[in-house]
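Written out below as structure tokens is the structure these notes cover.
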Amino acid sequence: MKREHQELLRRLALNDEGALTALLGTSLAATGPGGLDARTAALVRLAALVALESASASYQWCVAGALAAGATDDEVVDVLSVLAPVVGVPRVSSAAPEVALAIGCDLGMPPEPSGA
């Protein structure tokens, strides 16, 4: 295998935005002609990833982008809540640990008491 092919595969496996932009011919951060703000566009991308049952690295990249665009952890989790009736509970349940990991939530620990 050619060295450049190995490098491309490595970059794609890491969800390297530069490699993805080169393949797609557009920036993934673009909000498009509809005028969605970057935060909303990132949350919509997250919804699409959940619907497609994406890989862990995709959730990591997308959630990081959403948080960088001003979304809160609560808004990221709200995406899952809104999607459940549309894509089904099993799909949302399989995405939940990946999204939790992306926002730094350790699901192995009991939740904090309300008001803490």
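We label chains A, B, ... in the order they appear in the structure tokens, count residues from 1 in each chain, and number ligands from 1 in the order shown.
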Near Gly65 of chain A, counting only C-alpha atoms, which residues have an atom at most 8 Å away, once you skip same-chain residues fewer than 4 positions from it, shown as a JSON list (two decimals) with N, CA, C and O atoms, in the first residue's frame?
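around08.json written:
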[["chain", "number", "residue", "atom", "x", "y", "z"],
["A", 42, "ALA", "N", -23.97, 22.38, 14.55],
["A", 42, "ALA", "CA", -23.25, 21.30, 15.22],
["A", 42, "ALA", "C", -24.21, 20.34, 15.92],
["A", 42, "ALA", "O", -24.02, 19.12, 15.89],
["A", 61, "TRP", "N", -15.59, 14.09, 17.83],
["A", 61, "TRP", "CA", -15.36, 15.25, 16.97],
["A", 61, "TRP", "C", -16.57, 16.18, 16.97],
["A", 61, "TRP", "O", -16.44, 17.39, 17.13],
["A", 69, "ALA", "N", -18.68, 25.65, 19.69],
["A", 69, "ALA", "CA", -19.59, 26.62, 19.07],
["A", 69, "ALA", "C", -20.56, 27.23, 20.07],
["A", 69, "ALA", "O", -21.41, 28.03, 19.70]]
Next on the checklist: Give me the residues near Ala66 of chain A as a list in words, where near means some atom within 8 Å (using only C-alpha atoms) and where sequence neighbours in that chain fewer than 5 positions away do not count.
Outcome noted: Ala38, Arg39, Ala42, Leu43, Ala71 and Val76 of chain A
Item to check | Pick from A:Val44, A:Leu23, A:Leu14, A:Ala51 nearest to Gly88 of chain A, counting only C-alpha atoms | outcome: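 Among the listed residues, A:Ala51 lies closest to Gly88 of chain A.
Remark: for Asp37 of chain A, the closest of the candidate residues A:Gly70, A:Val86, A:Ala19, A:Glu98 is A:Gly70 (distances computed over only C-alpha atoms).
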Next on the checklist: With distances taken over only C-alpha atoms, which residue among A:Leu8, A:Leu49, A:Ala95, A:Leu83 lies nearest Leu20 of chain A?
Outcome noted: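 Of A:Leu8, A:Leu49, A:Ala95, A:Leu83, the one nearest Leu20 of chain A, counting only C-alpha atoms, is A:Leu8.
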